[in-house]
Amino acid sequence: MSQSQLQWQERYAIGIPAVDHEHQELIRMINDLVMRILEGTDVAFVSDSLGDILSAIGAHFALEEKIMRDRHYDQYFDHKSDHDRLLDQLRDIMDDYAVHRQISPAELVQTLDAWFSEHFRTRDARLHSLKNQSGRPTG
Ligand SMILES: [Fe+2]
Ligand SMILES: [Fe+2]
């Protein structure tokens, strides 16, 4: 079964407002682009949007990584390597689009949805444990 949009789920909420807000914003940006592709937008718009999405995701990861470093998070490296993997995947999608000028919205949604729901569930959800910490090492 295919779906044409990413969907925010209540269970994605991790309880750190800045992170939750950015997750919703990223989903919105991706859905906007998918909608525009389906409506038949031009190449420049798709390239620009993919670039905007890549930088927004990069900034979002930087925020999470800062939170993790500030709080001496025990799974920092595993979480960060998952981020790096998604950034590589997105760069591949962009490079491919630059060459072929064709993009399948269904495939884009499927790739990102699989990645997001898996990463939210296995990595970001665990950041919940950091939400009440001051950031100062204890003891
Ligand atoms: Fe993350
Ligand atoms: Fe995240």
# chains A, B, ... in the order shown; residues from 1 in each chain; ligands from 1
$ closest_atom_pairs --of "chain A" --to "ligand 1" --cutoff "12 Å" --atoms "only C-alpha atoms and all ligand atoms" --output "tab-separated table"
residue	atom	partner	partner_atom_place_in_ligand_line	distance
A:Tyr12	CA	ligand 1	1 (Fe)	11.5
A:Ile14	CA	ligand 1	1 (Fe)	10.8
A:Val19	CA	ligand 1	1 (Fe)	8.9
A:Asp20	CA	ligand 1	1 (Fe)	10.8
A:Glu22	CA	ligand 1	1 (Fe)	10.9
A:His23	CA	ligand 1	1 (Fe)	9.5
A:Ile57	CA	ligand 1	1 (Fe)	9.7
A:Gly58	CA	ligand 1	1 (Fe)	10.4
A:Ala59	CA	ligand 1	1 (Fe)	11.1
A:His60	CA	ligand 1	1 (Fe)	8.1
A:Phe61	CA	ligand 1	1 (Fe)	6.0
A:Ala62	CA	ligand 1	1 (Fe)	9.2
A:Leu63	CA	ligand 1	1 (Fe)	9.1
A:Glu64	CA	ligand 1	1 (Fe)	6.2
A:Glu65	CA	ligand 1	1 (Fe)	7.8
A:Lys66	CA	ligand 1	1 (Fe)	11.0
A:Ile67	CA	ligand 1	1 (Fe)	10.6
A:Met68	CA	ligand 1	1 (Fe)	9.8
A:Gln75	CA	ligand 1	1 (Fe)	11.0
A:Tyr76	CA	ligand 1	1 (Fe)	9.8
A:Phe77	CA	ligand 1	1 (Fe)	11.1
A:Asp78	CA	ligand 1	1 (Fe)	10.0
A:His79	CA	ligand 1	1 (Fe)	6.2
A:Lys80	CA	ligand 1	1 (Fe)	7.3
A:Ser81	CA	ligand 1	1 (Fe)	9.6
A:Asp82	CA	ligand 1	1 (Fe)	7.5
A:His83	CA	ligand 1	1 (Fe)	6.2
A:Asp84	CA	ligand 1	1 (Fe)	9.9
A:Arg85	CA	ligand 1	1 (Fe)	11.1
A:Leu86	CA	ligand 1	1 (Fe)	10.0
A:Leu87	CA	ligand 1	1 (Fe)	11.5
A:Trp115	CA	ligand 1	1 (Fe)	10.6
A:Phe116	CA	ligand 1	1 (Fe)	9.0
A:Ser117	CA	ligand 1	1 (Fe)	10.8
A:Glu118	CA	ligand 1	1 (Fe)	10.2
A:His119	CA	ligand 1	1 (Fe)	6.5
A:Phe120	CA	ligand 1	1 (Fe)	6.8
A:Arg121	CA	ligand 1	1 (Fe)	9.7
A:Thr122	CA	ligand 1	1 (Fe)	9.1
A:Arg123	CA	ligand 1	1 (Fe)	5.9
A:Asp124	CA	ligand 1	1 (Fe)	4.8
A:Ala125	CA	ligand 1	1 (Fe)	8.6
A:Arg126	CA	ligand 1	1 (Fe)	9.4
A:Leu127	CA	ligand 1	1 (Fe)	8.4
A:His128	CA	ligand 1	1 (Fe)	11.5
$ residues_around --residues "segment 94-110 of chain A" --least-positions-apart "5" --cutoff "9 Å" --atoms "only C-alpha atoms" --output "number ranges by chain"
A: 2-6, 30-31, 33-35, 37-38, 43, 46-47, 50-51, 89, 115
$ closest_residue --among "A:His21, A:Arg28, A:Arg91, A:Arg69" --to "ligand 2" --atoms "only C-alpha atoms and all ligand atoms"
A:His21
$ closest_residue --among "A:Ala56, A:Met29, A:Asp88, A:Ser49" --to "ligand 2" --atoms "only C-alpha atoms and all ligand atoms"
A:Ala56
$ closest_residue --among "A:Gln7, A:Ala44, A:Leu90, A:Leu130" --to "Thr111 of chain A" --atoms "only C-alpha atoms"
A:Leu90
$ atom_distance --atom1 "atom CA of Ile93 of chain A" --atom2 "atom CA of Glu25 of chain A"
20.2 Å
$ atom_distance --atom1 "atom CA of Ala114 of chain A" --atom2 "atom CA of Arg36 of chain A"
21.1 Å
